[in-house]
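Printed here is model.txt (compact mmCIF, C-alpha atoms and all ligand atoms):
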# COMPACT_ATOMS: atom_id res chain seq x y z
CA MET A 1 0.00 0.00 0.00
CA THR A 2 1.72 3.19 -1.18
CA HIS A 3 0.50 6.49 0.24
CA ILE A 4 1.86 9.82 -1.03
CA ALA A 5 1.01 13.07 0.81
CA VAL A 6 1.39 16.43 -0.94
CA LEU A 7 1.36 19.88 0.67
CA GLY A 8 1.32 22.65 -1.89
CA SER A 9 -0.44 24.90 -4.35
CA THR A 10 -3.64 24.41 -6.29
CA ASN A 11 -4.02 26.82 -9.23
CA MET A 12 -6.26 27.30 -12.20
CA ASP A 13 -3.93 27.65 -15.18
CA LEU A 14 -5.03 30.30 -17.70
CA VAL A 15 -3.00 29.33 -20.75
CA ALA A 16 -2.39 31.28 -23.97
CA TYR A 17 -0.80 29.33 -26.84
CA VAL A 18 1.28 31.57 -29.12
CA ALA A 19 3.89 31.12 -31.85
CA LYS A 20 6.36 33.23 -29.92
CA ALA A 21 5.98 34.82 -26.46
CA PRO A 22 5.76 38.63 -26.52
CA GLN A 23 8.74 40.79 -25.55
CA ARG A 24 8.27 43.59 -23.03
CA GLY A 25 6.00 46.26 -24.56
CA GLU A 26 4.92 43.96 -27.41
CA THR A 27 1.43 42.62 -28.14
CA VAL A 28 1.05 39.38 -30.05
CA THR A 29 -2.01 37.48 -31.24
CA GLY A 30 -2.25 33.99 -29.83
CA ARG A 31 -3.77 30.85 -31.31
CA GLU A 32 -5.82 29.44 -28.43
CA PHE A 33 -6.80 29.98 -24.79
CA ARG A 34 -7.45 27.16 -22.32
CA THR A 35 -8.39 26.96 -18.64
CA LEU A 36 -6.71 23.91 -17.10
CA PRO A 37 -6.12 22.52 -13.58
CA GLY A 38 -2.62 23.23 -12.27
CA GLY A 39 -0.51 24.31 -9.33
CA LYS A 40 2.72 22.51 -8.53
CA GLY A 41 1.27 20.73 -5.49
CA ALA A 42 -1.92 19.54 -7.17
CA ASN A 43 0.05 18.55 -10.28
CA GLN A 44 2.39 16.35 -8.26
CA ALA A 45 -0.60 14.74 -6.53
CA VAL A 46 -2.24 13.90 -9.88
CA ALA A 47 1.07 12.58 -11.26
CA ALA A 48 1.43 10.25 -8.27
CA ALA A 49 -2.16 9.03 -8.58
CA ARG A 50 -1.81 8.34 -12.31
CA ALA A 51 1.53 6.59 -11.74
CA GLY A 52 -0.28 4.10 -9.54
CA ALA A 53 0.02 5.18 -5.89
CA ASP A 54 -2.63 3.34 -3.83
CA ALA A 55 -3.52 6.58 -2.02
CA VAL A 56 -2.65 10.23 -2.62
CA SER A 57 -3.69 13.02 -0.22
CA MET A 58 -3.61 16.73 -1.02
CA ILE A 59 -3.13 19.34 1.71
CA GLY A 60 -3.79 22.78 0.23
CA ALA A 61 -6.23 25.65 -0.10
CA VAL A 62 -8.65 27.03 -2.67
CA GLY A 63 -11.05 29.97 -2.58
CA ALA A 64 -14.84 29.74 -2.27
CA ASP A 65 -15.26 30.37 -6.00
CA ALA A 66 -15.92 28.54 -9.24
CA PHE A 67 -12.22 27.78 -9.87
CA GLY A 68 -11.95 26.30 -6.37
CA THR A 69 -14.96 24.06 -6.96
CA GLN A 70 -13.61 22.93 -10.35
CA LEU A 71 -10.14 22.18 -8.99
CA ARG A 72 -11.46 20.19 -6.03
CA SER A 73 -13.62 18.14 -8.34
CA ALA A 74 -10.72 17.59 -10.80
CA LEU A 75 -8.57 16.26 -7.95
CA ASP A 76 -11.41 14.03 -6.70
CA HIS A 77 -11.87 12.74 -10.23
CA SER A 78 -8.15 11.88 -10.40
CA GLY A 79 -8.46 9.83 -7.23
CA VAL A 80 -6.70 12.35 -4.98
CA ASP A 81 -8.10 12.63 -1.43
CA THR A 82 -9.13 16.29 -0.85
CA ASP A 83 -10.40 16.02 2.76
CA LEU A 84 -7.57 18.35 3.88
CA LEU A 85 -7.91 20.79 0.96
CA ARG A 86 -9.36 23.83 2.76
CA THR A 87 -11.78 26.33 1.26
CA VAL A 88 -10.79 29.87 2.28
CA GLU A 89 -13.73 32.29 2.15
CA ALA A 90 -11.67 35.49 2.11
CA GLU A 91 -9.34 34.59 -0.77
CA ALA A 92 -9.65 33.78 -4.45
CA THR A 93 -8.35 30.47 -5.80
CA GLY A 94 -4.76 30.72 -7.01
CA THR A 95 -4.25 31.34 -10.71
CA ALA A 96 -1.29 30.85 -13.03
CA HIS A 97 -1.10 32.99 -16.16
CA ILE A 98 0.88 30.98 -18.68
CA VAL A 99 2.18 31.67 -22.18
CA VAL A 100 3.23 28.53 -24.11
CA ASP A 101 5.19 29.03 -27.34
CA ASP A 102 5.57 26.83 -30.42
CA GLU A 103 8.72 25.22 -29.02
CA GLY A 104 6.80 24.03 -25.96
CA GLY A 105 8.52 26.54 -23.66
CA ASN A 106 6.54 28.61 -21.20
CA ALA A 107 6.55 31.75 -19.05
CA ILE A 108 4.35 31.82 -15.93
CA VAL A 109 3.01 34.44 -13.51
CA VAL A 110 1.36 32.96 -10.39
CA ILE A 111 -1.16 34.87 -8.26
CA PRO A 112 -1.19 32.78 -5.05
CA GLY A 113 -4.60 33.77 -3.60
CA ALA A 114 -5.71 31.06 -1.14
CA ASN A 115 -2.36 29.25 -1.46
CA GLY A 116 -0.85 32.16 0.47
CA THR A 117 -2.81 31.23 3.61
CA LEU A 118 -0.90 27.94 4.05
CA THR A 119 1.52 29.29 6.65
CA ALA A 120 1.11 26.50 9.23
CA LEU A 121 -0.27 22.99 9.59
CA ALA A 122 -3.96 22.61 10.48
CA PRO A 123 -5.57 19.90 12.64
CA GLY A 124 -5.28 16.58 10.86
CA ASP A 125 -2.32 17.55 8.64
CA GLU A 126 0.41 16.04 10.83
CA GLY A 127 -1.51 12.78 11.31
CA LEU A 128 -1.92 12.47 7.56
CA ILE A 129 1.75 13.22 6.90
CA ALA A 130 2.72 10.62 9.54
CA SER A 131 0.72 7.95 7.71
CA ALA A 132 2.39 8.55 4.32
CA ASP A 133 5.37 6.87 2.65
CA ALA A 134 6.54 10.22 1.29
CA LEU A 135 5.70 13.91 1.59
CA LEU A 136 6.03 16.07 -1.54
CA LEU A 137 6.69 19.79 -1.09
CA GLN A 138 7.24 22.74 -3.47
CA LEU A 139 7.52 26.51 -2.95
CA GLU A 140 4.27 28.00 -4.29
CA ILE A 141 2.99 28.35 -0.71
CA PRO A 142 4.62 30.31 2.14
CA VAL A 143 7.94 28.82 3.20
CA GLU A 144 6.78 28.70 6.86
CA GLY A 145 4.12 26.20 5.88
CA VAL A 146 6.63 24.15 3.88
CA LEU A 147 9.02 24.12 6.85
CA ALA A 148 6.28 23.08 9.32
CA ALA A 149 5.34 20.14 7.09
CA ALA A 150 8.96 19.05 6.54
CA ARG A 151 9.57 19.10 10.28
CA ALA A 152 6.41 17.07 10.91
CA ALA A 153 7.57 14.49 8.34
CA ARG A 154 10.99 14.31 9.99
CA ARG A 155 9.37 13.72 13.41
CA HIS A 156 7.57 10.70 11.95
CA GLY A 157 10.40 9.36 9.80
CA VAL A 158 8.57 10.12 6.55
CA ARG A 159 10.75 10.77 3.47
CA THR A 160 10.44 14.41 2.34
CA ILE A 161 10.99 15.32 -1.32
CA LEU A 162 11.26 19.07 -2.01
CA THR A 163 10.99 20.67 -5.44
CA PRO A 164 12.51 24.15 -4.79
CA ALA A 165 10.29 25.89 -7.34
CA PRO A 166 9.69 28.77 -7.94
CA ALA A 167 13.41 29.37 -7.39
CA GLN A 168 14.23 31.31 -4.23
CA PRO A 169 16.86 31.30 -1.48
CA LEU A 170 15.84 28.94 1.34
CA PRO A 171 16.37 28.95 5.09
CA PRO A 172 19.03 26.34 5.97
CA GLU A 173 16.66 24.72 8.49
CA LEU A 174 14.32 23.77 5.63
CA LEU A 175 17.08 22.05 3.63
CA ASP A 176 18.13 20.27 6.84
CA ALA A 177 14.64 18.72 7.08
CA VAL A 178 14.61 17.45 3.47
CA ASP A 179 15.66 13.93 2.40
CA LEU A 180 15.66 14.38 -1.38
CA LEU A 181 15.92 17.74 -3.19
CA VAL A 182 14.85 17.92 -6.86
CA PRO A 183 15.82 21.31 -8.37
CA ASN A 184 16.17 22.08 -12.05
CA GLU A 185 19.44 23.67 -13.17
CA TYR A 186 18.19 27.20 -12.62
CA GLU A 187 16.87 26.42 -9.13
CA ALA A 188 20.12 24.63 -8.21
CA ALA A 189 22.06 27.73 -9.30
CA THR A 190 19.75 30.00 -7.26
CA LEU A 191 20.33 27.89 -4.15
CA THR A 192 24.11 27.59 -4.53
CA GLY A 193 25.35 30.38 -6.82
CA LEU A 194 26.89 27.61 -8.99
CA THR A 195 25.80 27.23 -12.62
CA ASP A 196 27.47 23.85 -13.18
CA PRO A 197 24.91 21.21 -12.11
CA HIS A 198 27.61 18.82 -10.83
CA GLU A 199 29.12 21.52 -8.65
CA ALA A 200 25.69 22.72 -7.48
CA ALA A 201 24.66 19.16 -6.57
CA ARG A 202 27.91 18.62 -4.66
CA SER A 203 27.35 21.85 -2.74
CA LEU A 204 23.74 20.93 -1.90
CA LEU A 205 24.87 17.57 -0.50
CA SER A 206 26.36 19.43 2.45
CA ARG A 207 22.77 19.93 3.66
CA VAL A 208 20.63 17.30 1.90
CA PRO A 209 21.59 13.60 1.68
CA GLU A 210 20.30 13.06 -1.87
CA VAL A 211 19.91 15.49 -4.78
CA VAL A 212 18.46 15.07 -8.28
CA VAL A 213 19.11 17.99 -10.65
CA THR A 214 16.71 17.83 -13.59
CA LEU A 215 18.32 18.84 -16.88
CA GLY A 216 15.31 18.96 -19.23
CA ALA A 217 15.95 17.06 -22.47
CA ARG A 218 19.43 16.10 -21.18
CA GLY A 219 17.97 13.95 -18.40
CA SER A 220 18.71 14.14 -14.68
CA LEU A 221 21.75 14.04 -12.44
CA TYR A 222 21.55 11.97 -9.26
CA ALA A 223 24.03 12.79 -6.51
CA THR A 224 24.41 11.25 -3.08
CA ARG A 225 27.05 11.58 -0.39
CA ASP A 226 28.56 8.12 -0.65
CA ALA A 227 28.77 7.41 -4.42
CA GLU A 228 29.79 9.00 -7.71
CA PRO A 229 27.03 11.08 -9.39
CA VAL A 230 24.92 9.27 -12.01
CA LEU A 231 23.54 10.93 -15.18
CA VAL A 232 20.25 9.36 -16.30
CA ALA A 233 19.33 10.16 -19.92
CA ALA A 234 15.84 11.34 -20.89
CA PRO A 235 13.97 9.89 -23.89
CA ARG A 236 14.24 12.10 -27.01
CA VAL A 237 10.84 13.55 -27.86
CA THR A 238 9.40 16.67 -29.49
CA ALA A 239 7.86 18.90 -26.82
CA VAL A 240 4.60 20.75 -27.43
CA ASP A 241 4.10 22.01 -23.86
CA SER A 242 6.61 21.56 -21.03
CA THR A 243 4.24 22.93 -18.36
CA GLY A 244 4.07 20.49 -15.43
CA ALA A 245 6.88 18.22 -16.73
CA GLY A 246 8.85 18.70 -13.51
CA ASP A 247 5.76 17.93 -11.44
CA THR A 248 5.12 14.79 -13.48
CA PHE A 249 8.72 13.73 -12.88
CA VAL A 250 8.55 14.21 -9.10
CA GLY A 251 5.10 12.66 -8.57
CA THR A 252 6.11 9.59 -10.57
CA LEU A 253 9.50 9.39 -8.86
CA ALA A 254 7.81 9.39 -5.44
CA VAL A 255 5.67 6.40 -6.38
CA ALA A 256 8.68 4.42 -7.66
CA LEU A 257 10.60 5.13 -4.45
CA ALA A 258 7.59 4.31 -2.23
CA GLU A 259 7.38 0.96 -4.02
CA GLY A 260 10.99 0.28 -3.01
CA GLY A 261 12.72 1.16 -6.31
CA CYS A 262 16.34 2.35 -6.26
CA LEU A 263 16.97 5.91 -7.35
CA PRO A 264 18.59 5.45 -10.77
CA ASP A 265 15.80 3.04 -11.84
CA ALA A 266 13.16 5.35 -10.42
CA LEU A 267 14.68 8.23 -12.41
CA THR A 268 14.42 6.29 -15.66
CA TRP A 269 10.72 5.65 -14.98
CA ALA A 270 10.09 9.28 -13.96
CA SER A 271 11.91 10.54 -17.09
CA SER A 272 9.63 8.39 -19.24
CA ALA A 273 6.60 9.95 -17.56
CA ALA A 274 7.94 13.49 -18.05
CA ALA A 275 8.74 12.75 -21.71
CA LEU A 276 5.16 11.64 -22.28
CA SER A 277 3.78 14.72 -20.52
CA VAL A 278 5.65 17.25 -22.69
CA GLN A 279 4.10 15.74 -25.84
CA ARG A 280 0.62 16.82 -24.65
CA THR A 281 -0.81 20.19 -23.64
CA GLY A 282 -1.53 21.34 -20.10
CA ALA A 283 -0.08 20.42 -16.71
CA SER A 284 -2.08 17.71 -14.91
CA SER A 285 -4.10 17.07 -18.10
CA SER A 286 -0.86 15.94 -19.81
CA MET A 287 0.19 13.41 -17.19
CA PRO A 288 0.48 9.76 -18.22
CA PHE A 289 -1.07 6.73 -16.54
CA ARG A 290 1.03 3.86 -15.22
CA SER A 291 0.50 1.59 -18.22
CA GLU A 292 1.72 4.35 -20.55
CA ILE A 293 4.78 5.02 -18.39
CA ASP A 294 5.63 1.30 -18.31
CA ALA A 295 5.27 1.04 -22.08
CA ARG A 296 7.51 4.09 -22.63
CA ALA A 297 10.13 2.93 -20.11
CA ASN A 298 10.18 -0.51 -21.74
CA GLY A 299 11.16 0.94 -25.07
CA ALA A 300 7.96 1.93 -26.86
CA THR A 301 8.49 5.08 -28.88
CA SER A 302 5.54 7.32 -28.06
O1 LIG B 1 4.74 23.47 -12.51
C1 LIG B 1 3.71 23.88 -13.35
C2 LIG B 1 2.72 24.72 -12.60
O2 LIG B 1 3.33 25.91 -12.20
C3 LIG B 1 1.51 25.14 -13.40
O3 LIG B 1 0.47 24.18 -13.39
C4 LIG B 1 1.13 26.45 -12.78
O4 LIG B 1 -0.01 26.37 -11.97
C5 LIG B 1 2.33 26.87 -11.97
O5 LIG B 1 2.05 26.83 -10.68

Could I get this structure in the form of structure tokens?
Amino acid sequence: MTHIAVLGSTNMDLVAYVAKAPQRGETVTGREFRTLPGGKGANQAVAAARAGADAVSMIGAVGADAFGTQLRSALDHSGVDTDLLRTVEAEATGTAHIVVDDEGGNAIVVIPGANGTLTALAPGDEGLIASADALLLQLEIPVEGVLAAARAARRHGVRTILTPAPAQPLPPELLDAVDLLVPNEYEAATLTGLTDPHEAARSLLSRVPEVVVTLGARGSLYATRDAEPVLVAAPRVTAVDSTGAGDTFVGTLAVALAEGGCLPDALTWASSAAALSVQRTGASSSMPFRSEIDARANGATS
């Protein structure tokens, strides 16, 4: 029985698809607009559920508005337990304003809304974290809330996996409470001041026992204190929308680890999931199911 707990953001993604993102001061005409479920926390929860976790629980917050209702129901529909997803009367549901270009790249502005109220654990949160195999954290909610959850997980011996996104400097006490850190290259550089991913990973190991630096199409770099770093290649695919690829990677990775997989194997599986997700539009809407991930990891081409 694998149980993944997630504390993090729930956003409605307001996505404009354009040939090329506008420069400052420029107006461009886009091709399409879509409203899609997102938020790094909710995305990771959906990725874990689709990858086959027996139970996934989402701790988060939405507003008492139509987006909040739609996001709760999307999570329920994905099989994610939303009992600890609060509805905050005084705030709007978080939104992410996303431009996706023809190369599949994106630029995102997040308005946190109700996500910003998650500054501390609420009754029931610690008990839920204690019952999980892993706790997934990101940085789209206040860092105090992230720290409180990481400390609760540490008290109960639950593995904490932190995606340090959006990139920002972090209090050392948060890194000290994390078991596995999964930054991309930019986030690793923000945390360490080092642009070389090997050097950044080595520096991060002074605080965190295991680090995976995601390198986009180049794969991922796994570093631990007692072995040489391992570079795991990513499948070569043509991306149409990279939004949520990192969340797909982490949610899938958490399931593989909760099932007892070793990290390099788990990274291969997670890379297959991320490669599938970038070939489809949207964040959680693009995430693959377990059978698709298995087929991709076993050598199928799509
Ligand atoms: O990681 C992708 C997510 O970042 C999007 O779904 C958007 O909500 C932003 O939070």

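Put simply, atom CA of A:Val18 is 6.2 Å away from atom CA of A:Val100.
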
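Distance-wise, atom CA of A:Ala134 and atom CA of A:Gly282 end up 25.4 Å apart.
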
Shell around stretch 48-61 of chain A at 7 Å using all atoms listed in the file, local window under 3 positions removed, as a ChimeraX atom specification: /A:1-10,42,44-45,78-82,84-88,114-115,251-252,255,288-290

Protein and nucleic residues near ligand LIG 1 (chain B), 10 Å, all atoms listed in the file, as number ranges by chain: A: 8-15, 36-44, 94-98, 106-112, 138-140, 163, 165-166, 242-248, 282-285

Keeping only C-alpha atoms, write those residues as an mmCIF file, keeping the file's coordinate frame.
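New file result14.cif:
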data_model
loop_
_atom_site.group_PDB
_atom_site.id
_atom_site.type_symbol
_atom_site.label_atom_id
_atom_site.label_comp_id
_atom_site.auth_asym_id
_atom_site.auth_seq_id
_atom_site.Cartn_x
_atom_site.Cartn_y
_atom_site.Cartn_z
ATOM 1 C CA GLY A 8 1.320 22.650 -1.890
ATOM 2 C CA SER A 9 -0.440 24.900 -4.350
ATOM 3 C CA THR A 10 -3.640 24.410 -6.290
ATOM 4 C CA ASN A 11 -4.020 26.820 -9.230
ATOM 5 C CA MET A 12 -6.260 27.300 -12.200
ATOM 6 C CA ASP A 13 -3.930 27.650 -15.180
ATOM 7 C CA LEU A 14 -5.030 30.300 -17.700
ATOM 8 C CA VAL A 15 -3.000 29.330 -20.750
ATOM 9 C CA LEU A 36 -6.710 23.910 -17.100
ATOM 10 C CA PRO A 37 -6.120 22.520 -13.580
ATOM 11 C CA GLY A 38 -2.620 23.230 -12.270
ATOM 12 C CA GLY A 39 -0.510 24.310 -9.330
ATOM 13 C CA LYS A 40 2.720 22.510 -8.530
ATOM 14 C CA GLY A 41 1.270 20.730 -5.490
ATOM 15 C CA ALA A 42 -1.920 19.540 -7.170
ATOM 16 C CA ASN A 43 0.050 18.550 -10.280
ATOM 17 C CA GLN A 44 2.390 16.350 -8.260
ATOM 18 C CA GLY A 94 -4.760 30.720 -7.010
ATOM 19 C CA THR A 95 -4.250 31.340 -10.710
ATOM 20 C CA ALA A 96 -1.290 30.850 -13.030
ATOM 21 C CA HIS A 97 -1.100 32.990 -16.160
ATOM 22 C CA ILE A 98 0.880 30.980 -18.680
ATOM 23 C CA ASN A 106 6.540 28.610 -21.200
ATOM 24 C CA ALA A 107 6.550 31.750 -19.050
ATOM 25 C CA ILE A 108 4.350 31.820 -15.930
ATOM 26 C CA VAL A 109 3.010 34.440 -13.510
ATOM 27 C CA VAL A 110 1.360 32.960 -10.390
ATOM 28 C CA ILE A 111 -1.160 34.870 -8.260
ATOM 29 C CA PRO A 112 -1.190 32.780 -5.050
ATOM 30 C CA GLN A 138 7.240 22.740 -3.470
ATOM 31 C CA LEU A 139 7.520 26.510 -2.950
ATOM 32 C CA GLU A 140 4.270 28.000 -4.290
ATOM 33 C CA THR A 163 10.990 20.670 -5.440
ATOM 34 C CA ALA A 165 10.290 25.890 -7.340
ATOM 35 C CA PRO A 166 9.690 28.770 -7.940
ATOM 36 C CA SER A 242 6.610 21.560 -21.030
ATOM 37 C CA THR A 243 4.240 22.930 -18.360
ATOM 38 C CA GLY A 244 4.070 20.490 -15.430
ATOM 39 C CA ALA A 245 6.880 18.220 -16.730
ATOM 40 C CA GLY A 246 8.850 18.700 -13.510
ATOM 41 C CA ASP A 247 5.760 17.930 -11.440
ATOM 42 C CA THR A 248 5.120 14.790 -13.480
ATOM 43 C CA GLY A 282 -1.530 21.340 -20.100
ATOM 44 C CA ALA A 283 -0.080 20.420 -16.710
ATOM 45 C CA SER A 284 -2.080 17.710 -14.910
ATOM 46 C CA SER A 285 -4.100 17.070 -18.100
#

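Here atom CA of A:Thr27 is placed at a distance of 24.6 Å from atom CA of A:Ala239.
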
Contact residues around A:Leu147 with all atoms listed in the file at 6 Å, ignoring same-chain residues under 3 positions, as a PyMOL selection string: chain A and resi 144+150+174

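Among the candidate residues A:Val146, A:Val158, A:Val212, A:Ile293, the one lying nearest to A:Ser131 is A:Val158, with distances computed using all atoms listed in the file.
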
Polymer residues at most 8 Å from A:Ala90, only C-alpha atoms, same-chain spacing of 2 or more positions, as a ChimeraX atom specification: /A:63-64,88,92

List the neighbours of A:Ala200 out to 12 Å using all atoms listed in the file; skip same-chain residues closer than 2 positions along the sequence, and give me the result as a PDB file with C-alpha atoms, in the coordinates of the input.
ATOM      1  CA  LEU A 181      15.920  17.740  -3.190  1.00  0.00           C
ATOM      2  CA  VAL A 182      14.850  17.920  -6.860  1.00  0.00           C
ATOM      3  CA  PRO A 183      15.820  21.310  -8.370  1.00  0.00           C
ATOM      4  CA  ASN A 184      16.170  22.080 -12.050  1.00  0.00           C
ATOM      5  CA  GLU A 185      19.440  23.670 -13.170  1.00  0.00           C
ATOM      6  CA  TYR A 186      18.190  27.200 -12.620  1.00  0.00           C
ATOM      7  CA  GLU A 187      16.870  26.420  -9.130  1.00  0.00           C
ATOM      8  CA  ALA A 188      20.120  24.630  -8.210  1.00  0.00           C
ATOM      9  CA  ALA A 189      22.060  27.730  -9.300  1.00  0.00           C
ATOM     10  CA  THR A 190      19.750  30.000  -7.260  1.00  0.00           C
ATOM     11  CA  LEU A 191      20.330  27.890  -4.150  1.00  0.00           C
ATOM     12  CA  THR A 192      24.110  27.590  -4.530  1.00  0.00           C
ATOM     13  CA  GLY A 193      25.350  30.380  -6.820  1.00  0.00           C
ATOM     14  CA  LEU A 194      26.890  27.610  -8.990  1.00  0.00           C
ATOM     15  CA  THR A 195      25.800  27.230 -12.620  1.00  0.00           C
ATOM     16  CA  ASP A 196      27.470  23.850 -13.180  1.00  0.00           C
ATOM     17  CA  PRO A 197      24.910  21.210 -12.110  1.00  0.00           C
ATOM     18  CA  HIS A 198      27.610  18.820 -10.830  1.00  0.00           C
ATOM     19  CA  ARG A 202      27.910  18.620  -4.660  1.00  0.00           C
ATOM     20  CA  SER A 203      27.350  21.850  -2.740  1.00  0.00           C
ATOM     21  CA  LEU A 204      23.740  20.930  -1.900  1.00  0.00           C
ATOM     22  CA  LEU A 205      24.870  17.570  -0.500  1.00  0.00           C
ATOM     23  CA  SER A 206      26.360  19.430   2.450  1.00  0.00           C
ATOM     24  CA  ARG A 207      22.770  19.930   3.660  1.00  0.00           C
ATOM     25  CA  VAL A 208      20.630  17.300   1.900  1.00  0.00           C
ATOM     26  CA  VAL A 211      19.910  15.490  -4.780  1.00  0.00           C
ATOM     27  CA  VAL A 212      18.460  15.070  -8.280  1.00  0.00           C
ATOM     28  CA  VAL A 213      19.110  17.990 -10.650  1.00  0.00           C
ATOM     29  CA  THR A 214      16.710  17.830 -13.590  1.00  0.00           C
ATOM     30  CA  LEU A 221      21.750  14.040 -12.440  1.00  0.00           C
ATOM     31  CA  TYR A 222      21.550  11.970  -9.260  1.00  0.00           C
ATOM     32  CA  ALA A 223      24.030  12.790  -6.510  1.00  0.00           C
ATOM     33  CA  PRO A 229      27.030  11.080  -9.390  1.00  0.00           C
TER      34      PRO A 229
END

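If you measure from each of A:Ala122, A:Ala258, A:Ala201, A:Ala275 to A:Ala233 using only C-alpha atoms, the closest one turns out to be A:Ala275.
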
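The shortest atom-to-atom distance to A:Leu170, with all atoms listed in the file taken into account, belongs to A:Val143 out of A:Ala120, A:Arg155, A:Arg72, A:Val143.
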
Polymer residues at most 12 Å from A:Pro235, all atoms listed in the file, same-chain spacing of 5 or more positions, as a VMD selection string: chain A and resid 216 to 220 267 to 279 293 296 to 302

Stretch 124-139 of chain A dumped to file, N, CA, C and O atoms, as a PDB file, in the first residue's frame:
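Here's the written file result-v3.pdb:
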ATOM      1  N   GLY A 124      -5.161  17.690  11.813  1.00  0.00           N
ATOM      2  CA  GLY A 124      -5.276  16.575  10.864  1.00  0.00           C
ATOM      3  C   GLY A 124      -4.095  16.461   9.910  1.00  0.00           C
ATOM      4  O   GLY A 124      -3.795  15.377   9.412  1.00  0.00           O
ATOM      5  N   ASP A 125      -3.408  17.588   9.633  1.00  0.00           N
ATOM      6  CA  ASP A 125      -2.322  17.548   8.638  1.00  0.00           C
ATOM      7  C   ASP A 125      -1.182  16.643   9.102  1.00  0.00           C
ATOM      8  O   ASP A 125      -0.667  15.827   8.326  1.00  0.00           O
ATOM      9  N   GLU A 126      -0.764  16.816  10.365  1.00  0.00           N
ATOM     10  CA  GLU A 126       0.406  16.041  10.825  1.00  0.00           C
ATOM     11  C   GLU A 126       0.094  14.543  10.852  1.00  0.00           C
ATOM     12  O   GLU A 126       0.934  13.722  10.486  1.00  0.00           O
ATOM     13  N   GLY A 127      -1.124  14.191  11.283  1.00  0.00           N
ATOM     14  CA  GLY A 127      -1.507  12.781  11.311  1.00  0.00           C
ATOM     15  C   GLY A 127      -1.475  12.186   9.901  1.00  0.00           C
ATOM     16  O   GLY A 127      -1.024  11.056   9.698  1.00  0.00           O
ATOM     17  N   LEU A 128      -1.930  12.961   8.942  1.00  0.00           N
ATOM     18  CA  LEU A 128      -1.922  12.468   7.558  1.00  0.00           C
ATOM     19  C   LEU A 128      -0.485  12.304   7.051  1.00  0.00           C
ATOM     20  O   LEU A 128      -0.142  11.286   6.445  1.00  0.00           O
ATOM     21  N   ILE A 129       0.345  13.303   7.327  1.00  0.00           N
ATOM     22  CA  ILE A 129       1.754  13.216   6.903  1.00  0.00           C
ATOM     23  C   ILE A 129       2.404  11.985   7.535  1.00  0.00           C
ATOM     24  O   ILE A 129       3.138  11.233   6.874  1.00  0.00           O
ATOM     25  N   ALA A 130       2.109  11.750   8.823  1.00  0.00           N
ATOM     26  CA  ALA A 130       2.717  10.616   9.540  1.00  0.00           C
ATOM     27  C   ALA A 130       2.342   9.276   8.922  1.00  0.00           C
ATOM     28  O   ALA A 130       3.098   8.311   9.019  1.00  0.00           O
ATOM     29  N   SER A 131       1.189   9.223   8.267  1.00  0.00           N
ATOM     30  CA  SER A 131       0.722   7.949   7.712  1.00  0.00           C
ATOM     31  C   SER A 131       1.221   7.707   6.285  1.00  0.00           C
ATOM     32  O   SER A 131       0.924   6.665   5.689  1.00  0.00           O
ATOM     33  N   ALA A 132       1.970   8.662   5.728  1.00  0.00           N
ATOM     34  CA  ALA A 132       2.385   8.554   4.319  1.00  0.00           C
ATOM     35  C   ALA A 132       3.756   7.893   4.179  1.00  0.00           C
ATOM     36  O   ALA A 132       4.547   7.860   5.116  1.00  0.00           O
ATOM     37  N   ASP A 133       4.035   7.380   2.969  1.00  0.00           N
ATOM     38  CA  ASP A 133       5.369   6.873   2.653  1.00  0.00           C
ATOM     39  C   ASP A 133       6.296   8.019   2.271  1.00  0.00           C
ATOM     40  O   ASP A 133       7.509   7.927   2.427  1.00  0.00           O
ATOM     41  N   ALA A 134       5.726   9.070   1.707  1.00  0.00           N
ATOM     42  CA  ALA A 134       6.541  10.217   1.289  1.00  0.00           C
ATOM     43  C   ALA A 134       5.685  11.472   1.326  1.00  0.00           C
ATOM     44  O   ALA A 134       4.468  11.416   1.123  1.00  0.00           O
ATOM     45  N   LEU A 135       6.348  12.597   1.619  1.00  0.00           N
ATOM     46  CA  LEU A 135       5.703  13.913   1.588  1.00  0.00           C
ATOM     47  C   LEU A 135       6.344  14.716   0.468  1.00  0.00           C
ATOM     48  O   LEU A 135       7.578  14.849   0.428  1.00  0.00           O
ATOM     49  N   LEU A 136       5.526  15.253  -0.435  1.00  0.00           N
ATOM     50  CA  LEU A 136       6.027  16.073  -1.544  1.00  0.00           C
ATOM     51  C   LEU A 136       5.755  17.548  -1.262  1.00  0.00           C
ATOM     52  O   LEU A 136       4.616  17.923  -0.960  1.00  0.00           O
ATOM     53  N   LEU A 137       6.792  18.354  -1.373  1.00  0.00           N
ATOM     54  CA  LEU A 137       6.690  19.792  -1.093  1.00  0.00           C
ATOM     55  C   LEU A 137       7.268  20.585  -2.267  1.00  0.00           C
ATOM     56  O   LEU A 137       8.207  20.132  -2.926  1.00  0.00           O
ATOM     57  N   GLN A 138       6.744  21.787  -2.475  1.00  0.00           N
ATOM     58  CA  GLN A 138       7.244  22.740  -3.471  1.00  0.00           C
ATOM     59  C   GLN A 138       7.175  24.113  -2.803  1.00  0.00           C
ATOM     60  O   GLN A 138       6.849  24.187  -1.628  1.00  0.00           O
ATOM     61  N   LEU A 139       7.415  25.188  -3.574  1.00  0.00           N
ATOM     62  CA  LEU A 139       7.521  26.514  -2.949  1.00  0.00           C
ATOM     63  C   LEU A 139       6.492  27.519  -3.466  1.00  0.00           C
ATOM     64  O   LEU A 139       6.745  28.711  -3.479  1.00  0.00           O
TER      65      LEU A 139
END
